[in-house]
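Student: This is target.cif (mmCIF, C-alpha atoms).
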```
data_model
#
loop_
_atom_site.label_atom_id
_atom_site.label_comp_id
_atom_site.auth_asym_id
_atom_site.auth_seq_id
_atom_site.Cartn_x
_atom_site.Cartn_y
_atom_site.Cartn_z
CA MET A 1402 0.00 0.00 0.00
CA SER A 1403 1.40 3.36 -1.04
CA GLY A 1404 1.42 6.45 1.14
CA VAL A 1405 -1.35 7.97 -0.98
CA ASP A 1406 -3.52 4.86 -0.51
CA LEU A 1407 -2.89 4.92 3.25
CA LEU A 1408 -3.93 8.56 3.47
CA GLU A 1409 -7.08 7.77 1.48
CA VAL A 1410 -7.99 4.94 3.86
CA LEU A 1411 -7.32 7.09 6.91
CA GLY A 1412 -9.34 9.93 5.41
CA ARG A 1413 -12.30 7.61 5.07
CA THR A 1414 -11.81 6.22 8.55
CA LEU A 1415 -11.55 9.49 10.47
CA PRO A 1416 -15.22 10.63 10.18
CA VAL A 1417 -16.39 7.17 11.28
CA VAL A 1418 -14.04 7.13 14.29
CA VAL A 1419 -15.02 10.66 15.36
CA PHE A 1420 -18.69 9.71 15.17
CA LEU A 1421 -18.09 6.51 17.15
CA LEU A 1422 -16.32 8.40 19.96
CA THR A 1423 -18.71 11.33 20.18
CA ILE A 1424 -22.01 9.42 19.88
CA THR A 1425 -20.79 7.18 22.70
CA VAL A 1426 -20.25 10.28 24.85
CA VAL A 1427 -23.77 11.51 24.01
CA ALA A 1428 -25.30 8.14 24.89
CA GLU A 1429 -23.39 7.72 28.14
CA VAL A 1430 -24.13 11.25 29.36
CA ALA A 1431 -27.81 10.70 28.51
CA ASP A 1432 -27.76 7.43 30.43
CA ALA A 1433 -26.06 9.01 33.46
CA SER A 1434 -28.61 11.82 33.35
CA GLY A 1435 -31.46 9.31 33.55
CA VAL A 1436 -32.90 9.56 30.04
CA PHE A 1437 -33.09 5.80 29.40
CA ASP A 1438 -34.25 5.08 32.95
CA VAL A 1439 -37.13 7.53 32.69
CA ALA A 1440 -38.07 6.33 29.18
CA GLY A 1441 -38.13 2.69 30.29
CA HIS A 1442 -40.30 3.35 33.30
CA ALA A 1443 -42.59 5.59 31.27
CA ALA A 1444 -43.15 2.62 28.96
CA ALA A 1445 -44.12 0.54 32.02
CA ARG A 1446 -46.73 3.10 33.03
CA VAL A 1447 -48.16 3.42 29.52
CA ALA A 1448 -48.40 -0.37 29.14
CA GLY A 1449 -51.45 -0.48 31.35
CA HIS A 1450 -50.21 -3.48 33.38
CA ARG A 1451 -50.12 -5.72 30.27
CA VAL A 1452 -46.89 -7.66 29.76
CA LEU A 1453 -47.27 -7.87 25.98
CA ALA A 1454 -47.88 -4.12 25.73
CA LEU A 1455 -44.79 -3.45 27.86
CA TRP A 1456 -42.71 -5.74 25.62
CA LEU A 1457 -43.90 -3.96 22.49
CA LEU A 1458 -43.27 -0.52 23.99
CA LEU A 1459 -39.73 -1.41 25.07
CA ALA A 1460 -39.18 -2.95 21.63
CA GLY A 1461 -40.28 0.34 20.06
CA LEU A 1462 -37.87 2.18 22.34
CA ALA A 1463 -35.08 -0.18 21.24
CA VAL A 1464 -35.85 0.56 17.58
CA LEU A 1465 -35.72 4.33 18.17
CA VAL A 1466 -32.51 4.19 20.23
CA THR A 1467 -30.85 1.96 17.63
CA ALA A 1468 -31.91 4.11 14.70
CA PHE A 1469 -30.85 7.43 16.22
CA LEU A 1470 -28.09 6.56 18.71
CA SER A 1471 -26.59 3.36 17.20
CA LEU A 1472 -26.94 -0.34 17.94
CA ASP A 1473 -24.14 -0.32 20.53
CA THR A 1474 -26.07 2.22 22.59
CA THR A 1475 -29.06 -0.12 22.64
CA ALA A 1476 -26.92 -3.09 23.64
CA VAL A 1477 -24.96 -1.28 26.34
CA LEU A 1478 -27.38 1.23 27.84
CA LEU A 1479 -30.92 0.10 27.06
CA THR A 1480 -30.38 -3.54 28.05
CA PRO A 1481 -29.87 -2.78 31.77
CA VAL A 1482 -32.96 -0.55 31.73
CA ALA A 1483 -35.08 -3.33 30.19
CA LEU A 1484 -33.78 -5.84 32.76
CA THR A 1485 -34.38 -3.48 35.68
CA VAL A 1486 -37.91 -2.63 34.58
CA ALA A 1487 -38.80 -6.29 34.07
CA ARG A 1488 -37.45 -7.30 37.48
CA GLN A 1489 -39.13 -4.43 39.30
CA LEU A 1490 -42.44 -5.43 37.74
CA GLY A 1491 -41.94 -9.13 38.46
CA VAL A 1492 -42.16 -10.26 34.82
CA PRO A 1493 -39.74 -12.63 33.02
CA ALA A 1494 -36.61 -10.71 32.02
CA ALA A 1495 -35.32 -12.99 29.23
CA PRO A 1496 -37.84 -11.90 26.53
CA PHE A 1497 -36.98 -8.24 27.11
CA ALA A 1498 -33.22 -8.83 27.14
CA LEU A 1499 -33.19 -10.98 24.00
CA THR A 1500 -35.53 -8.70 22.09
CA THR A 1501 -33.26 -5.76 22.94
CA LEU A 1502 -30.27 -7.70 21.61
CA PHE A 1503 -31.85 -8.71 18.33
CA LEU A 1504 -33.43 -5.31 17.64
CA ALA A 1505 -30.07 -3.65 18.27
CA ASN A 1506 -28.95 -5.42 15.11
CA THR A 1507 -32.07 -5.77 12.98
CA ALA A 1508 -33.24 -2.17 13.52
CA SER A 1509 -29.91 -0.74 12.37
CA LEU A 1510 -30.85 -0.31 8.70
CA PHE A 1511 -32.99 2.81 8.95
CA LEU A 1512 -30.44 5.61 9.32
CA PRO A 1513 -26.73 5.87 8.49
CA VAL A 1514 -25.88 6.57 12.15
CA ALA A 1515 -27.45 3.34 13.39
CA ASN A 1516 -24.47 1.17 12.44
CA LEU A 1517 -20.85 1.85 11.51
CA THR A 1518 -21.40 -0.23 8.37
CA ASN A 1519 -24.06 2.27 7.27
CA LEU A 1520 -21.66 5.15 7.72
CA LEU A 1521 -19.06 3.31 5.70
CA ALA A 1522 -21.60 2.70 2.95
CA LEU A 1523 -22.55 6.37 2.58
CA ALA A 1524 -19.58 7.26 0.38
CA ARG A 1525 -20.22 4.27 -1.90
CA PHE A 1526 -23.91 5.17 -2.19
CA GLU A 1527 -22.89 8.67 -3.25
CA GLU A 1528 -20.54 7.24 -5.87
CA LEU A 1529 -23.47 5.22 -7.20
CA GLY A 1530 -25.65 8.32 -7.48
CA ALA A 1531 -27.79 7.77 -4.36
CA ASP A 1532 -27.97 10.75 -2.00
CA HIS A 1533 -28.89 10.68 1.68
CA SER A 1534 -32.65 10.75 1.10
CA ASP A 1535 -32.37 7.97 -1.50
CA VAL A 1536 -30.54 5.78 0.99
CA ILE A 1537 -33.14 6.32 3.72
CA ALA A 1538 -35.96 5.61 1.25
CA LEU A 1539 -34.25 2.44 0.05
CA ALA A 1540 -33.68 1.24 3.62
CA LEU A 1541 -37.23 1.89 4.86
CA ALA A 1542 -39.00 -1.22 3.55
CA PRO A 1543 -36.25 -3.76 4.40
CA GLY A 1544 -35.79 -2.07 7.79
CA CYS A 1545 -39.49 -2.39 8.62
CA ALA A 1546 -39.51 -6.00 7.42
CA ALA A 1547 -36.48 -6.81 9.57
CA VAL A 1548 -38.09 -5.33 12.70
CA ALA A 1549 -41.39 -7.10 12.00
CA GLY A 1550 -39.60 -10.41 11.51
CA THR A 1551 -37.68 -9.95 14.75
CA LEU A 1552 -40.85 -9.26 16.72
CA LEU A 1553 -42.63 -12.21 15.12
CA VAL A 1554 -39.86 -14.61 16.14
CA GLY A 1555 -39.65 -13.06 19.61
CA TRP A 1556 -43.39 -13.41 20.16
CA LEU A 1557 -43.45 -17.03 18.94
CA VAL A 1558 -40.54 -18.00 21.20
CA HIS A 1559 -41.65 -16.10 24.32
CA ARG A 1560 -45.43 -15.92 23.91
CA ARG A 1561 -46.10 -17.80 27.17
CA ASP A 1562 -43.96 -15.38 29.16
CA LEU A 1563 -45.63 -12.40 27.49
CA ARG A 1564 -49.13 -13.31 28.63
CA GLY A 1565 -50.88 -11.85 31.63
CA SER A 1566 -50.40 -8.63 33.54
CA PHE A 1567 -48.26 -7.07 36.23
CA VAL A 1568 -49.37 -5.15 39.30
CA ARG A 1569 -46.22 -3.60 40.74
CA ALA A 1570 -45.46 0.01 39.82
CA ALA A 1571 -41.99 0.78 38.48
CA PRO A 1572 -40.23 3.54 40.43
CA THR A 1573 -37.91 6.05 38.85
CA GLY A 1574 -34.66 7.17 40.46
CA GLY A 1575 -33.78 10.73 41.40
CA HIS A 1576 -32.12 12.71 38.60
CA ASP A 1577 -31.06 16.29 38.10
CA PRO A 1578 -34.21 17.65 36.38
CA LEU A 1579 -32.46 20.30 34.29
CA LEU A 1580 -29.73 17.93 33.06
CA LEU A 1581 -32.34 15.25 32.40
CA ARG A 1582 -34.44 17.59 30.26
CA LEU A 1583 -31.39 18.90 28.42
CA SER A 1584 -30.06 15.41 27.67
CA GLY A 1585 -33.49 14.23 26.55
CA THR A 1586 -33.89 17.27 24.29
CA VAL A 1587 -30.49 16.65 22.69
CA CYS A 1588 -31.34 12.99 22.06
CA LEU A 1589 -34.62 14.00 20.45
CA ALA A 1590 -33.00 16.75 18.40
CA ILE A 1591 -30.10 14.84 16.88
CA GLY A 1592 -32.39 12.23 15.34
CA PRO A 1593 -34.06 14.63 12.87
CA LEU A 1594 -30.67 16.23 12.16
CA PHE A 1595 -29.25 12.84 11.23
CA ALA A 1596 -32.32 12.09 9.10
CA LEU A 1597 -31.94 15.40 7.27
CA GLY A 1598 -28.51 14.39 6.09
CA ILE A 1599 -26.35 16.77 8.14
CA THR A 1600 -22.83 15.35 8.50
CA PRO A 1601 -23.17 12.74 11.29
CA TRP A 1602 -19.84 13.36 13.01
CA ALA A 1603 -20.47 17.10 13.14
CA VAL A 1604 -23.87 16.62 14.78
CA SER A 1605 -22.61 14.08 17.29
CA ALA A 1606 -19.51 16.15 18.11
CA ALA A 1607 -21.58 19.28 18.78
CA ALA A 1608 -24.07 17.30 20.88
CA ALA A 1609 -21.29 15.63 22.87
CA GLY A 1610 -19.53 18.94 23.52
CA GLY A 1611 -22.71 20.60 24.70
CA LEU A 1612 -23.70 17.77 27.01
CA VAL A 1613 -20.23 17.46 28.52
CA LEU A 1614 -20.19 21.19 29.26
CA ALA A 1615 -23.66 21.09 30.81
CA THR A 1616 -22.77 18.04 32.91
CA ARG A 1617 -19.57 19.66 34.13
CA LEU A 1618 -21.61 22.62 35.31
CA ARG A 1619 -24.55 20.71 36.82
CA ALA A 1620 -23.20 17.32 37.96
CA PRO A 1621 -19.48 16.93 37.27
CA HIS A 1622 -19.31 13.62 39.16
CA LEU A 1623 -21.35 11.99 36.37
CA LEU A 1624 -18.52 12.52 33.91
CA ARG A 1625 -16.55 9.80 35.70
CA THR A 1626 -18.97 7.27 34.18
CA VAL A 1627 -18.30 8.47 30.62
CA SER A 1628 -15.71 6.36 28.82
CA PRO A 1629 -15.16 6.93 25.08
CA PRO A 1630 -14.13 3.68 23.31
CA TRP A 1631 -10.57 4.71 22.42
CA GLY A 1632 -9.42 1.11 22.00
CA MET A 1633 -12.27 0.30 19.65
CA ALA A 1634 -11.53 3.43 17.61
CA LEU A 1635 -7.91 2.34 17.17
CA ALA A 1636 -9.02 -1.19 16.28
CA VAL A 1637 -11.42 0.10 13.60
CA THR A 1638 -8.66 2.23 12.08
CA ALA A 1639 -6.22 -0.70 12.01
CA LEU A 1640 -8.92 -2.94 10.56
CA PHE A 1641 -9.44 -0.60 7.62
CA VAL A 1642 -5.75 -0.72 6.76
CA VAL A 1643 -5.40 -4.52 7.15
CA ILE A 1644 -8.42 -5.32 5.00
CA GLN A 1645 -7.33 -2.90 2.29
CA VAL A 1646 -3.94 -4.63 2.16
CA ALA A 1647 -5.66 -8.04 1.92
CA LEU A 1648 -7.86 -6.82 -0.94
CA ASP A 1649 -4.85 -5.45 -2.78
CA LEU A 1650 -3.12 -8.84 -2.48
CA GLY A 1651 -5.84 -10.68 -4.39
CA GLY A 1652 -8.69 -11.04 -1.94
CA GLU A 1653 -10.97 -8.88 -4.06
CA SER A 1654 -11.18 -11.39 -6.93
CA VAL A 1655 -12.04 -14.26 -4.58
CA LEU A 1656 -14.82 -12.30 -2.89
CA GLY A 1657 -16.14 -11.14 -6.27
CA ALA A 1658 -16.70 -14.75 -7.30
CA LEU A 1659 -18.67 -15.40 -4.12
CA VAL A 1660 -21.13 -12.52 -4.42
CA GLY A 1661 -21.74 -12.77 -8.18
CA GLU A 1662 -23.45 -10.06 -10.19
CA GLY A 1663 -26.93 -8.71 -10.96
CA ASP A 1664 -29.85 -7.05 -9.18
CA GLY A 1665 -32.44 -9.83 -9.40
CA ALA A 1666 -34.10 -11.37 -6.35
CA GLY A 1667 -31.70 -14.31 -6.34
CA ASP A 1668 -28.70 -12.02 -6.84
CA LEU A 1669 -29.66 -9.80 -3.91
CA ALA A 1670 -30.31 -12.83 -1.73
CA ARG A 1671 -26.88 -14.18 -2.65
CA VAL A 1672 -25.17 -10.93 -1.64
CA ALA A 1673 -27.06 -10.84 1.67
CA ALA A 1674 -26.30 -14.50 2.36
CA VAL A 1675 -22.57 -14.05 1.77
CA GLY A 1676 -22.62 -11.00 4.03
CA ALA A 1677 -24.51 -12.92 6.71
CA VAL A 1678 -22.25 -15.98 6.67
CA THR A 1679 -19.09 -13.88 6.63
CA SER A 1680 -20.35 -11.65 9.44
CA ASN A 1681 -21.25 -14.56 11.68
CA GLY A 1682 -17.97 -16.26 10.85
CA VAL A 1683 -15.72 -13.27 11.51
CA ASN A 1684 -17.53 -10.04 12.43
CA ASN A 1685 -19.89 -7.78 10.53
CA LEU A 1686 -17.54 -4.79 10.32
CA PRO A 1687 -14.61 -6.51 8.57
CA ALA A 1688 -17.13 -8.49 6.52
CA PHE A 1689 -18.69 -5.30 5.18
CA ILE A 1690 -15.36 -3.59 4.53
CA ALA A 1691 -14.09 -6.61 2.60
CA LEU A 1692 -17.26 -7.20 0.57
CA GLU A 1693 -18.23 -3.60 -0.19
CA SER A 1694 -15.74 -3.22 -3.03
CA VAL A 1695 -17.09 -6.26 -4.91
CA ALA A 1696 -20.77 -6.31 -3.93
CA GLY A 1697 -21.52 -2.59 -3.86
CA ASP A 1698 -21.80 -1.94 -7.59
CA SER A 1699 -25.44 -0.78 -7.39
CA PRO A 1700 -27.53 0.79 -4.59
CA GLN A 1701 -29.71 -2.32 -4.38
CA ARG A 1702 -26.77 -4.70 -4.04
CA LEU A 1703 -25.12 -2.45 -1.47
CA MET A 1704 -28.33 -2.39 0.58
CA ALA A 1705 -28.56 -6.18 0.28
CA LEU A 1706 -25.04 -6.38 1.69
CA LEU A 1707 -26.13 -4.18 4.60
CA VAL A 1708 -29.01 -6.55 5.25
CA GLY A 1709 -26.50 -9.39 5.51
CA THR A 1710 -24.05 -7.50 7.71
CA ASN A 1711 -26.56 -5.61 9.88
CA VAL A 1712 -29.59 -7.85 10.32
CA ALA A 1713 -28.13 -11.34 10.18
CA PRO A 1714 -25.00 -11.40 12.42
CA VAL A 1715 -27.03 -12.52 15.45
CA VAL A 1716 -26.14 -16.21 15.46
CA THR A 1717 -22.59 -16.16 16.85
CA PRO A 1718 -21.52 -14.00 19.82
CA TRP A 1719 -18.72 -12.42 17.79
CA GLY A 1720 -20.84 -11.68 14.71
CA SER A 1721 -21.60 -8.21 16.01
CA LEU A 1722 -19.84 -6.11 18.63
CA ALA A 1723 -23.27 -5.25 20.00
CA THR A 1724 -23.79 -8.91 20.90
CA LEU A 1725 -20.52 -9.06 22.84
CA LEU A 1726 -21.42 -5.86 24.69
CA TRP A 1727 -24.90 -7.22 25.40
CA LEU A 1728 -23.50 -10.48 26.80
CA HIS A 1729 -21.29 -8.53 29.16
CA ARG A 1730 -24.27 -6.50 30.39
CA VAL A 1731 -26.65 -9.40 30.99
CA ARG A 1732 -24.00 -11.47 32.75
CA ALA A 1733 -23.10 -8.52 34.96
CA ALA A 1734 -26.80 -8.24 35.79
CA GLY A 1735 -26.91 -11.91 36.80
CA LEU A 1736 -29.34 -13.05 34.10
CA PRO A 1737 -28.68 -16.71 33.18
CA ILE A 1738 -28.27 -16.84 29.41
CA ARG A 1739 -27.37 -19.97 27.45
CA LEU A 1740 -25.43 -19.21 24.30
CA ARG A 1741 -27.01 -22.22 22.60
CA GLU A 1742 -30.49 -20.76 23.10
CA VAL A 1743 -29.36 -17.31 21.97
CA ALA A 1744 -27.82 -18.84 18.84
CA ALA A 1745 -30.97 -20.86 18.08
CA GLN A 1746 -33.26 -17.84 18.35
CA GLY A 1747 -30.65 -15.74 16.54
CA LEU A 1748 -30.68 -18.17 13.63
CA ALA A 1749 -34.45 -17.90 13.42
CA VAL A 1750 -34.21 -14.10 13.52
CA ALA A 1751 -31.51 -14.08 10.84
CA LEU A 1752 -33.61 -16.24 8.53
CA VAL A 1753 -36.98 -14.58 9.10
CA ALA A 1754 -35.90 -10.95 9.55
CA GLY A 1755 -33.09 -11.16 7.01
CA GLY A 1756 -35.21 -13.03 4.47
CA GLY A 1757 -38.08 -10.58 4.93
CA ALA A 1758 -35.71 -7.65 4.49
CA VAL A 1759 -34.30 -9.06 1.23
CA LEU A 1760 -37.83 -9.73 -0.05
CA ALA A 1761 -38.91 -6.18 0.82
CA LEU A 1762 -35.80 -4.78 -0.87
CA THR A 1763 -36.54 -6.81 -3.99
CA LEU A 1764 -40.10 -5.50 -4.13
CA VAL A 1765 -39.16 -1.83 -3.75
CA ALA A 1766 -36.12 -2.10 -6.00
#
```
Will you turn the file into structure tokens for me?
Tutor:
Amino acid sequence: MSGVDLLEVLGRTLPVVVFLLTITVVAEVADASGVFDVAGHAAARVAGHRVLALWLLLAGLAVLVTAFLSLDTTAVLLTPVALTVARQLGVPAAPFALTTLFLANTASLFLPVANLTNLLALARFEELGADHSDVIALALAPGCAAVAGTLLVGWLVHRRDLRGSFVRAAPTGGHDPLLLRLSGTVCLAIGPLFALGITPWAVSAAAAGGLVLATRLRAPHLLRTVSPPWGMALAVTALFVVIQVALDLGGESVLGALVGEGDGAGDLARVAAVGAVTSNGVNNLPAFIALESVAGDSPQRLMALLVGTNVAPVVTPWGSLATLLWLHRVRAAGLPIRLREVAAQGLAVALVAGGGAVLALTLVA
């Protein structure tokens, strides 16, 4: 790799890394301020003592958090809220925890900021003549299909636990009211800004700076809980360089043979399937980076690849970083989770949600 190539790779990596660091700060300040806690308990009050309604409301919250604050935010910050609410209400916690996990992945198609793979795909979409609004429009149908498939599988697996009602009220903890309102307003505001196509890293950086300043003034002790993922940022940067070297050494031709060509239903399914298998075998981020150059030769094929790398890597624990983060959270909370059961339900989600997403993409494309 020449120096010019290295600078090009680093230039592409920098906006993604800045977004990753700053959106994590936004999410963690919001969590420390009580935004997710209040939202989770509000869902419990609105549910009207019905377990199924509570599950659907928390699922809707997971979709919104994933779409606007990224899948890792859902896995890391919303999972403990879902577990706490379920335990306080005396309802089974496993359906809420697993649904949060799967929606963190399957709901990450809607907006570019929902998944690092989406951010990486933006430049390629632009090269193919698809602007920000085109990408959102193209992702809408497969995104809705993926969420619907996830909820269908979740209901079929956990329908017995989702019956009945609960009687205990869910308390909310004490939070600084001004900081809570400010953090909630920022979280609500950045979503439309992302959807409008304003540069993601600029929005997240401004939001992070404002929230850090406000927290330093109102409750500086909360900043001790904020930990930007510096190690992950370095790993993502190194990963870009390593995969580019591998592609330059002949990997591109091998991957091109796997994904084939064409925009037909079978062609799109093939791209998604290769992305899904590769993501579950290695990890969705390197899978997307490696496959983008050979599969992303049309907006439809690139979206099919995102279906494979966003929706489907829910079978193996390492398929998505969000799954690893989720496992750490549920184990820390003392929830007994068997990886075999997670993998079995994940496989069903990958097939139903991923297949539905590809079908929806085919119909709108």
Student: Write out, as a Markdown table, each residue of stretch 1453-1540 of chain A that has an atom at most 9 Å from stretch 1706-1727 of chain A, together with the closest pair of atoms and their distance in Å to one decimal, counting all atoms listed in the file, rows going by chain and rising number.
Tutor:
```
| residue | atom | partner | partner_atom | distance |
| --- | --- | --- | --- | --- |
| A:Leu1472 | CA | A:Ala1723 | CA | 6.5 |
| A:Asp1473 | CA | A:Ala1723 | CA | 5.0 |
| A:Thr1474 | CA | A:Ala1723 | CA | 8.4 |
| A:Thr1475 | CA | A:Ala1723 | CA | 8.2 |
| A:Ala1476 | CA | A:Trp1727 | CA | 4.9 |
| A:Val1477 | CA | A:Trp1727 | CA | 6.0 |
| A:Thr1480 | CA | A:Trp1727 | CA | 7.1 |
| A:Ala1498 | CA | A:Trp1727 | CA | 8.7 |
| A:Thr1501 | CA | A:Trp1727 | CA | 8.8 |
| A:Leu1502 | CA | A:Trp1727 | CA | 6.6 |
| A:Phe1503 | CA | A:Val1715 | CA | 6.8 |
| A:Leu1504 | CA | A:Val1712 | CA | 8.6 |
| A:Ala1505 | CA | A:Ala1723 | CA | 7.2 |
| A:Asn1506 | CA | A:Val1712 | CA | 5.4 |
| A:Thr1507 | CA | A:Val1712 | CA | 4.2 |
| A:Ala1508 | CA | A:Val1712 | CA | 7.5 |
| A:Ser1509 | CA | A:Asn1711 | CA | 6.4 |
| A:Leu1510 | CA | A:Asn1711 | CA | 6.9 |
| A:Asn1516 | CA | A:Asn1711 | CA | 7.5 |
| A:Thr1518 | CA | A:Leu1707 | CA | 7.2 |
| A:Asn1519 | CA | A:Leu1707 | CA | 7.3 |
| A:Ala1522 | CA | A:Leu1707 | CA | 8.4 |
```
Student: Could you give me, as a list in words, the residues within 12 Å of A:Ala1634, counting only C-alpha atoms and dropping anything in the same chain fewer than 2 positions from it?
Tutor: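 In the requested format, the answer is Thr1414, Leu1415, Pro1416, Val1417, Val1418, Val1419, Phe1420, Leu1421, Leu1422, Thr1423, Thr1425, Leu1517, Pro1629, Pro1630, Trp1631, Gly1632, Ala1636, Val1637, Thr1638, Ala1639, Leu1640 and Phe1641 of chain A.
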Student: Run the PyMOL selection byres ((chain A and resi 1491) around 10) mentally over the shown coordinates, then write out the matched residues as a count of residues only, using the chain letters and numbers from the document.
Tutor: 15
Student: Looking at A:Pro1700, A:Pro1578, A:Gly1544, A:Pro1601, which one is nearest to A:Leu1760, with distances taken over all atoms listed in the file?
Tutor: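 Smallest separation from A:Leu1760 among the options: A:Gly1544.
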Student: What would the list of residues within 12 Å of (-30.0, 5.1, 32.5) (file frame) look like as a count of residues only, if all atoms listed in the file are what count?
Tutor: 36
Student: Pick out the closest residue to A:Gly1412 from this set: A:Leu1521, A:Ala1745, A:Leu1512, A:Leu1597. Count only C-alpha atoms.
Tutor: A:Leu1521
Student: Please, what distance in Å, to one decimal, runs between atom CA of A:Glu1527 and atom CA of A:Phe1511?
Tutor: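 Between atom CA of A:Glu1527 and atom CA of A:Phe1511 the gap works out to 16.9 Å.
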Student: Tell me which of A:Leu1692, A:Val1466, A:Val1743, A:Leu1579 sits closest to A:Val1678, counting only C-alpha atoms.
Tutor: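 With only C-alpha atoms as the atom set, the closest residue is A:Leu1692.
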Student: Counting only C-alpha atoms, figure out which residue out of A:Thr1616, A:Ser1534, A:Thr1600, A:Ser1699 gets nearest to A:Leu1580.
Tutor: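 Ranked by minimum distance to A:Leu1580, first place goes to A:Thr1616.
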Student: Have a look at A:Arg1525, A:Arg1446, A:His1533, A:Arg1730 and name the one nearest to A:Leu1499; count all atoms listed in the file.
Tutor: A:Arg1730
Student: Smallest atom-to-atom distance to A:Arg1732: which of A:Leu1539, A:Ala1531, A:Val1643, A:Ala1495, using all atoms listed in the file?
Tutor: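 That would be A:Ala1495, the residue with the smallest distance to A:Arg1732.
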Student: Go through the shown structure with the PyMOL selection byres ((chain A and resi 1666) around 10) and write out the matching residues as a ChimeraX atom specification.
Tutor: /A:1663-1665,1667-1671,1759-1760,1762-1764,1766
